[in-house]
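Next up, my_file22.cif (mmCIF, C-alpha atoms):
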data_final
loop_
_atom_site.label_atom_id
_atom_site.label_comp_id
_atom_site.auth_asym_id
_atom_site.auth_seq_id
_atom_site.Cartn_x
_atom_site.Cartn_y
_atom_site.Cartn_z
CA MET A 1 171.23 119.08 108.76
CA LYS A 2 173.16 115.92 109.51
CA THR A 3 172.71 114.79 113.11
CA GLU A 4 174.98 112.63 115.23
CA ALA A 5 172.46 109.79 115.04
CA ASP A 6 172.30 110.03 111.22
CA SER A 7 176.07 109.96 110.78
CA ASN A 8 177.65 106.85 109.31
CA ASP A 9 180.99 107.72 110.92
CA ILE A 10 181.56 105.29 113.75
CA THR A 11 184.85 105.49 115.59
CA GLU A 12 186.29 103.95 118.70
CA HIS A 13 186.51 106.07 121.86
CA PRO A 14 189.17 105.70 124.57
CA ARG A 15 187.77 103.68 127.49
CA ASP A 16 189.06 101.46 130.29
CA ASP A 17 186.48 98.78 129.39
CA LYS A 18 187.91 97.52 126.09
CA SER A 19 185.00 95.08 125.56
CA LYS A 20 182.64 97.90 124.50
CA PRO A 21 184.66 100.55 122.66
CA TYR A 22 181.86 102.07 120.52
CA LEU A 23 179.97 105.01 122.02
CA CYS A 24 176.58 106.41 121.02
CA THR A 25 177.20 110.13 121.34
CA VAL A 26 173.45 110.82 121.62
CA CYS A 27 172.59 108.76 124.73
CA HIS A 28 176.12 107.76 125.79
CA LYS A 29 175.57 104.01 125.75
CA TRP A 30 178.51 101.76 124.84
CA TYR A 31 178.45 98.86 122.36
CA ARG A 32 180.64 95.89 121.59
CA THR A 33 180.71 96.16 117.77
CA LYS A 34 180.11 98.72 115.01
CA PRO A 35 176.97 96.88 113.73
CA ASP A 36 175.51 96.90 117.27
CA LEU A 37 176.00 100.65 117.53
CA SER A 38 174.73 101.24 114.00
CA LYS A 39 171.51 99.32 114.76
CA HIS A 40 171.08 101.13 118.08
CA ARG A 41 171.33 104.54 116.42
CA ASN A 42 168.05 103.91 114.61
CA ILE A 43 166.15 104.60 117.86
CA HIS A 44 167.34 108.21 117.63
CA THR A 45 165.82 108.64 114.17
CA ASP A 46 162.37 108.17 112.62
CA LYS A 47 163.54 105.28 110.45
CA TYR A 48 161.52 102.65 112.34
CA LYS A 49 158.91 104.76 114.12
CA CYS A 50 155.56 103.47 115.39
CA THR A 51 152.71 105.47 113.83
CA GLU A 52 150.49 104.73 116.85
CA CYS A 53 152.58 105.98 119.78
CA GLY A 54 155.76 107.43 118.24
CA THR A 55 158.14 104.86 119.73
CA CYS A 56 161.35 104.52 117.66
CA CYS A 57 162.76 101.00 117.23
CA HIS A 58 166.19 99.86 116.12
CA SER A 59 165.05 97.50 113.34
CA LYS A 60 162.13 96.59 111.09
CA SER A 61 161.51 93.35 113.00
CA THR A 62 161.51 95.14 116.37
CA LEU A 63 158.95 97.62 115.02
CA ALA A 64 156.78 94.75 113.81
CA ASN A 65 156.92 93.15 117.27
CA HIS A 66 156.13 96.48 118.95
CA SER A 67 153.16 97.15 116.63
CA ARG A 68 151.46 94.04 117.96
CA THR A 69 151.12 95.69 121.37
CA HIS A 70 148.63 98.01 119.68
CA SER A 71 146.92 95.54 117.32
CA GLY A 72 146.68 92.71 119.86
CA GLU A 73 147.87 90.24 117.20
CA LYS A 74 149.45 87.09 118.65
CA PRO A 75 150.72 84.93 115.77
CA PHE A 76 152.95 82.60 117.81
CA GLU A 77 151.08 79.69 119.43
CA CYS A 78 152.33 77.14 121.95
CA TYR A 79 151.72 73.64 120.58
CA VAL A 80 151.31 72.25 124.12
CA CYS A 81 148.74 74.58 125.75
CA SER A 82 147.72 76.79 122.77
CA LYS A 83 148.69 80.00 124.58
CA ARG A 84 149.53 82.70 122.05
CA PHE A 85 152.26 85.37 122.02
CA THR A 86 153.09 88.55 120.14
CA GLN A 87 156.77 87.64 119.82
CA ALA A 88 158.57 84.43 118.91
CA GLY A 89 161.08 84.97 121.72
CA ASN A 90 158.30 85.05 124.30
CA LEU A 91 157.00 81.74 122.95
CA VAL A 92 160.48 80.22 123.30
CA LYS A 93 160.68 81.43 126.91
CA HIS A 94 157.17 80.13 127.63
CA SER A 95 157.97 76.70 126.15
CA ARG A 96 160.47 76.14 128.96
CA ILE A 97 157.52 75.96 131.37
CA HIS A 98 156.60 72.67 129.70
CA SER A 99 160.14 71.40 129.14
CA GLY A 100 161.42 72.47 132.56
CA ASP A 101 164.52 73.86 130.87
CA LYS A 102 166.00 76.65 133.02
CA LEU A 103 169.63 77.29 132.22
CA TYR A 104 170.58 80.35 134.25
CA LYS A 105 170.78 80.15 138.05
CA CYS A 106 171.05 83.00 140.54
CA HIS A 107 173.99 82.36 142.88
CA VAL A 108 172.31 84.34 145.69
CA CYS A 109 168.85 82.78 145.99
CA ASP A 110 169.19 79.78 143.61
CA LYS A 111 166.25 80.96 141.50
CA VAL A 112 166.60 79.74 137.90
CA PHE A 113 165.71 81.42 134.61
CA GLY A 114 165.35 80.47 130.98
CA GLU A 115 167.16 83.56 129.66
CA SER A 116 170.48 85.17 130.61
CA GLY A 117 168.90 88.62 130.26
CA THR A 118 166.20 87.69 132.74
CA LEU A 119 168.85 86.57 135.22
CA THR A 120 170.72 89.86 134.74
CA SER A 121 167.55 91.81 135.46
CA HIS A 122 166.79 89.59 138.47
CA MET A 123 170.21 90.21 140.01
CA ARG A 124 169.21 93.85 140.56
CA VAL A 125 166.78 92.59 143.20
CA HIS A 126 169.83 91.67 145.26
CA THR A 127 172.17 94.51 144.26
CA GLY A 128 169.57 97.30 144.31
CA ASP A 129 171.09 98.60 141.08
CA LYS A 130 168.84 101.03 139.17
CA PRO A 131 170.75 102.06 136.06
CA TYR A 132 167.80 103.56 134.16
CA LYS A 133 167.18 107.14 135.27
CA CYS A 134 164.45 109.56 134.24
CA ASP A 135 165.94 112.75 132.79
CA VAL A 136 162.99 114.80 134.07
CA CYS A 137 162.68 113.85 137.75
CA ASP A 138 165.76 111.64 138.30
CA GLN A 139 163.63 108.70 139.48
CA ALA A 140 165.57 105.49 138.80
CA PHE A 141 164.51 102.02 137.71
CA SER A 142 166.05 98.57 137.52
CA GLN A 143 164.42 97.82 134.15
CA SER A 144 164.46 99.90 130.96
CA GLY A 145 160.81 99.01 130.31
CA SER A 146 159.82 100.45 133.67
CA LEU A 147 161.56 103.72 132.77
CA ASN A 148 159.74 103.91 129.44
CA LYS A 149 156.39 103.41 131.20
CA HIS A 150 157.28 106.01 133.82
CA LYS A 151 158.10 108.65 131.21
CA ARG A 152 154.42 108.76 130.25
CA VAL A 153 153.75 110.40 133.63
CA HIS A 154 155.59 113.44 132.26
CA THR A 155 154.46 113.27 128.63
CA GLY A 156 150.82 112.37 129.33
CA ASP A 157 151.07 109.87 126.49
CA LYS A 158 148.26 107.28 126.43
CA PRO A 159 148.96 105.01 123.45
CA TYR A 160 146.65 102.16 124.49
CA LYS A 161 143.08 102.89 123.38
CA CYS A 162 139.92 100.90 124.02
CA ASP A 163 138.23 99.97 120.73
CA VAL A 164 134.80 100.01 122.40
CA CYS A 165 134.63 103.34 124.24
CA ASP A 166 137.85 105.11 123.09
CA GLN A 167 139.11 105.50 126.66
CA ALA A 168 142.92 105.63 126.59
CA PHE A 169 145.62 104.39 128.95
CA SER A 170 149.34 104.85 129.44
CA GLN A 171 149.92 101.15 130.24
CA SER A 172 148.83 98.10 128.23
CA GLN A 173 147.87 96.21 131.40
CA SER A 174 145.55 99.07 132.37
CA LEU A 175 143.78 98.70 129.04
CA ASN A 176 143.47 94.93 129.54
CA LYS A 177 141.89 95.50 132.96
CA HIS A 178 139.53 98.12 131.55
CA LYS A 179 138.31 95.81 128.77
CA ARG A 180 136.70 93.62 131.43
CA VAL A 181 134.18 96.43 131.97
CA HIS A 182 132.85 95.60 128.50
CA THR A 183 133.37 91.83 128.49
CA GLY A 184 132.24 91.18 132.07
CA ASP A 185 135.20 88.84 132.47
CA LYS A 186 136.04 88.01 136.10
CA PRO A 187 139.11 85.77 136.09
CA TYR A 188 140.04 86.15 139.78
CA LYS A 189 138.03 83.74 141.92
CA CYS A 190 137.96 83.37 145.68
CA ASP A 191 138.92 79.83 146.71
CA VAL A 192 136.69 80.05 149.79
CA CYS A 193 133.33 81.27 148.49
CA ASP A 194 133.87 81.24 144.67
CA LYS A 195 133.02 84.94 144.37
CA ALA A 196 134.75 86.33 141.27
CA PHE A 197 136.39 89.65 140.46
CA SER A 198 137.66 91.45 137.38
CA GLN A 199 140.86 92.63 139.10
CA SER A 200 143.36 90.84 141.34
CA GLN A 201 143.46 93.68 143.91
CA CYS A 202 139.69 93.41 144.34
CA LEU A 203 140.11 89.70 145.11
CA ASN A 204 142.87 90.48 147.63
CA LYS A 205 140.61 92.99 149.39
CA HIS A 206 137.75 90.48 149.44
CA LYS A 207 139.88 87.74 150.99
CA ARG A 208 140.09 89.82 154.18
CA VAL A 209 136.42 89.02 154.74
CA HIS A 210 137.50 85.43 155.34
CA THR A 211 140.85 86.03 157.05
CA GLY A 212 139.76 88.94 159.25
CA ASP A 213 142.97 90.77 158.32
CA LYS A 214 142.88 94.51 159.08
CA PRO A 215 146.16 96.03 157.85
CA TYR A 216 145.01 99.68 157.86
CA LYS A 217 145.39 101.19 161.34
CA CYS A 218 144.42 104.63 162.58
CA ASP A 219 147.44 106.47 163.97
CA VAL A 220 145.23 108.35 166.45
CA CYS A 221 143.15 105.65 168.15
CA ASP A 222 144.68 102.42 166.74
CA LYS A 223 141.35 101.26 165.33
CA ALA A 224 142.00 98.92 162.37
CA PHE A 225 140.24 98.35 159.06
CA SER A 226 140.39 95.83 156.24
CA GLN A 227 140.07 98.51 153.52
CA SER A 228 142.12 101.69 153.06
CA GLN A 229 139.00 103.71 152.15
CA SER A 230 137.35 102.64 155.41
CA LEU A 231 140.33 104.05 157.29
CA ASN A 232 140.11 107.32 155.33
CA ILE A 233 136.41 107.65 156.24
CA HIS A 234 137.15 106.86 159.89
CA LYS A 235 139.85 109.55 160.11
CA ARG A 236 137.13 112.19 159.64
CA VAL A 237 136.00 111.36 163.18
CA HIS A 238 139.27 112.90 164.36
CA THR A 239 139.65 115.67 161.77
CA GLY A 240 136.00 116.74 161.68
CA ASP A 241 136.16 116.84 157.87
CA LYS A 242 132.72 116.80 156.20
CA PRO A 243 133.25 116.82 152.43
CA TYR A 244 129.69 115.84 151.45
CA LYS A 245 127.42 118.90 151.37
CA CYS A 246 123.70 119.12 150.72
CA ASP A 247 122.98 121.39 147.73
CA VAL A 248 119.64 122.45 149.27
CA CYS A 249 120.48 123.48 152.84
CA ASP A 250 124.31 123.28 152.87
CA GLN A 251 124.34 120.79 155.77
CA ALA A 252 127.55 118.74 155.58
CA PHE A 253 128.38 115.11 156.31
CA SER A 254 131.48 112.99 156.70
CA GLN A 255 130.07 110.11 154.61
CA SER A 256 128.25 110.03 151.28
CA GLY A 257 125.69 107.57 152.67
CA SER A 258 124.72 110.02 155.40
CA LEU A 259 124.19 112.72 152.78
CA ASN A 260 121.96 110.44 150.71
CA LYS A 261 119.82 109.68 153.76
CA HIS A 262 119.57 113.38 154.58
CA LYS A 263 118.37 114.29 151.08
CA ARG A 264 115.17 112.34 151.74
CA VAL A 265 114.19 115.12 154.18
CA HIS A 266 113.90 117.50 151.23
CA MET A 267 112.36 114.94 148.90
CA GLY A 268 109.68 113.93 151.40
CA ASP A 269 110.79 110.33 151.03
CA LYS A 270 109.96 108.09 154.00
CA PRO A 271 111.77 104.79 153.64
#

Could you rewrite the structure in this file as structure tokens?
Amino acid sequence: MKTEADSNDITEHPRDDKSKPYLCTVCHKWYRTKPDLSKHRNIHTDKYKCTECGTCCHSKSTLANHSRTHSGEKPFECYVCSKRFTQAGNLVKHSRIHSGDKLYKCHVCDKVFGESGTLTSHMRVHTGDKPYKCDVCDQAFSQSGSLNKHKRVHTGDKPYKCDVCDQAFSQSQSLNKHKRVHTGDKPYKCDVCDKAFSQSQCLNKHKRVHTGDKPYKCDVCDKAFSQSQSLNIHKRVHTGDKPYKCDVCDQAFSQSGSLNKHKRVHMGDKP
């Protein structure tokens, strides 16, 4: 059966905004020209569909770029610093770091960008505009990519798989972080004591050792902690919660360490 997305019939629709008269009747997005709409319609078909995660692209080249998110291939190399990229456009954007070329300026905060699209996305920081809405839970996003990532919460899709242990992830950055378990890579280093971490949030937590910062405060007694899990443990003083139970005598404890110490009573261990 011929679907709306498969149809070659493209007609103008009445609209106040004459600059984009061509409507996609599947997702109700408007386009400036017939070729733009025709290319867009491919995302509603299986014409350019990723065999790894099922994402539909609007062109052969877009599918090729997308496929590299799964293969990890980065064929485009910066001749200045040798950093590599999956897409030629990303290399062009990166090259402006070396040239200092930033053509598009925000009139609110004077921040400058190398791409007009990046400036458009940035402006939503000031306007609060979130045009991309989830059709399941109505949560809204300022970026289309953020919406696509969010949708995996509902679908359970995990297209990014570790080639060492087959663990799968819904986000590519989560896979990159996980890979450090196998490589032992610790790129985040403390500038005070040179201790290194595999994740940036672990470094941020560690820095509180040096700064003495305690952002997590108990709402009962105002005692403060540098780690959120320390606050959660402390709250059991007020709630009386004892989630750690001995499987021999059923005695319960508020902390796992206390349970481990208790178990030595049954084992006859005398540290």

Exactly which residues make up the result of the PyMOL selection byres ((chain A and resi 252-269) around 12) on this file, given as a PyMOL selection string?
-> chain A and resi 229-230+232-251+270-271

Create the file for the chosen residues now, containing C-alpha atoms and written as a PDB file, keeping the file's coordinate frame.
ATOM      1  CA  GLN A 229     139.000 103.710 152.150  1.00  0.00           C
ATOM      2  CA  SER A 230     137.350 102.640 155.410  1.00  0.00           C
ATOM      3  CA  ASN A 232     140.110 107.320 155.330  1.00  0.00           C
ATOM      4  CA  ILE A 233     136.410 107.650 156.240  1.00  0.00           C
ATOM      5  CA  HIS A 234     137.150 106.860 159.890  1.00  0.00           C
ATOM      6  CA  LYS A 235     139.850 109.550 160.110  1.00  0.00           C
ATOM      7  CA  ARG A 236     137.130 112.190 159.640  1.00  0.00           C
ATOM      8  CA  VAL A 237     136.000 111.360 163.180  1.00  0.00           C
ATOM      9  CA  HIS A 238     139.270 112.900 164.360  1.00  0.00           C
ATOM     10  CA  THR A 239     139.650 115.670 161.770  1.00  0.00           C
ATOM     11  CA  GLY A 240     136.000 116.740 161.680  1.00  0.00           C
ATOM     12  CA  ASP A 241     136.160 116.840 157.870  1.00  0.00           C
ATOM     13  CA  LYS A 242     132.720 116.800 156.200  1.00  0.00           C
ATOM     14  CA  PRO A 243     133.250 116.820 152.430  1.00  0.00           C
ATOM     15  CA  TYR A 244     129.690 115.840 151.450  1.00  0.00           C
ATOM     16  CA  LYS A 245     127.420 118.900 151.370  1.00  0.00           C
ATOM     17  CA  CYS A 246     123.700 119.120 150.720  1.00  0.00           C
ATOM     18  CA  ASP A 247     122.980 121.390 147.730  1.00  0.00           C
ATOM     19  CA  VAL A 248     119.640 122.450 149.270  1.00  0.00           C
ATOM     20  CA  CYS A 249     120.480 123.480 152.840  1.00  0.00           C
ATOM     21  CA  ASP A 250     124.310 123.280 152.870  1.00  0.00           C
ATOM     22  CA  GLN A 251     124.340 120.790 155.770  1.00  0.00           C
ATOM     23  CA  LYS A 270     109.960 108.090 154.000  1.00  0.00           C
ATOM     24  CA  PRO A 271     111.770 104.790 153.640  1.00  0.00           C
TER      25      PRO A 271
END

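Applied to this file, the PyMOL selection byres ((chain A and resi 41) around 9) selects the residues Glu4, Ala5, Asp6, Cys24, Val26, Asp36, Leu37, Ser38, Lys39, His40, Asn42, Ile43, His44, Thr45 and His58 of chain A.
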
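Note on the selection: in this file the PyMOL selection byres ((chain A and resi 109) around 12) comes out as Lys105, Cys106, His107, Val108, Asp110, Lys111, Val112, Phe113, Leu119, His122, Met123, Val125 and His126 of chain A.
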
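Excluding Leu203 in chain A itself and any same-chain residue fewer than 2 positions from it, the protein and nucleic acid residues within 12 Å of it, counting all atoms listed in the file, are A:Lys186, A:Pro187, A:Tyr188, A:Lys189, A:Cys190, A:Asp191, A:Val192, A:Cys193, A:Asp194, A:Lys195, A:Ala196, A:Phe197, A:Ser198, A:Gln199, A:Ser200, A:Gln201, A:Lys205, A:His206, A:Lys207, A:Arg208, A:Val209, A:His210.
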
So, counting all atoms listed in the file, which residue among A:Ser226, A:Lys149, A:Tyr79, A:Phe141 is closest to Asn204 in chain A?
-> A:Ser226

With only C-alpha atoms as the atoms that count, which of A:Asn148, A:Ser116, A:Ser228, A:Thr62 lies nearest to Gln87 in chain A?
-> A:Thr62

Show which residues sit within 9 Å of range 131-138 of chain A, as JSON, numbers by chain. Count only C-alpha atoms, and ignore same-chain residues fewer than 5 positions away.
-> {"A": [143, 144, 146, 147, 148, 150, 151, 154]}

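What separates CA of Phe76 in chain A from CA of Cys53 in chain A is a distance of 23.5 Å.
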
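Atom to atom, CA of Ser142 in chain A and CA of Gly117 in chain A stand 12.6 Å apart.
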
Excluding same-chain residues fewer than 3 positions from Cys165 in chain A, what lies within 10 Å of it counting only C-alpha atoms, as a VMD selection string?
-> chain A and resid 161 to 162 168 179 182

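The environment of range 64-72 of chain A within 8 Å, counting all atoms listed in the file and disregarding residues fewer than 5 places along the same chain, consists of A:Cys50, A:Glu52, A:Thr86, A:Gln87, A:Pro159, A:Tyr160, A:Ser172.
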
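Residues with any atom within 8 Å of Pro215 in chain A, counting all atoms listed in the file and excluding same-chain neighbours fewer than 3 positions away, are A:Ala224, A:Phe225, A:Ser226, A:Gln227.
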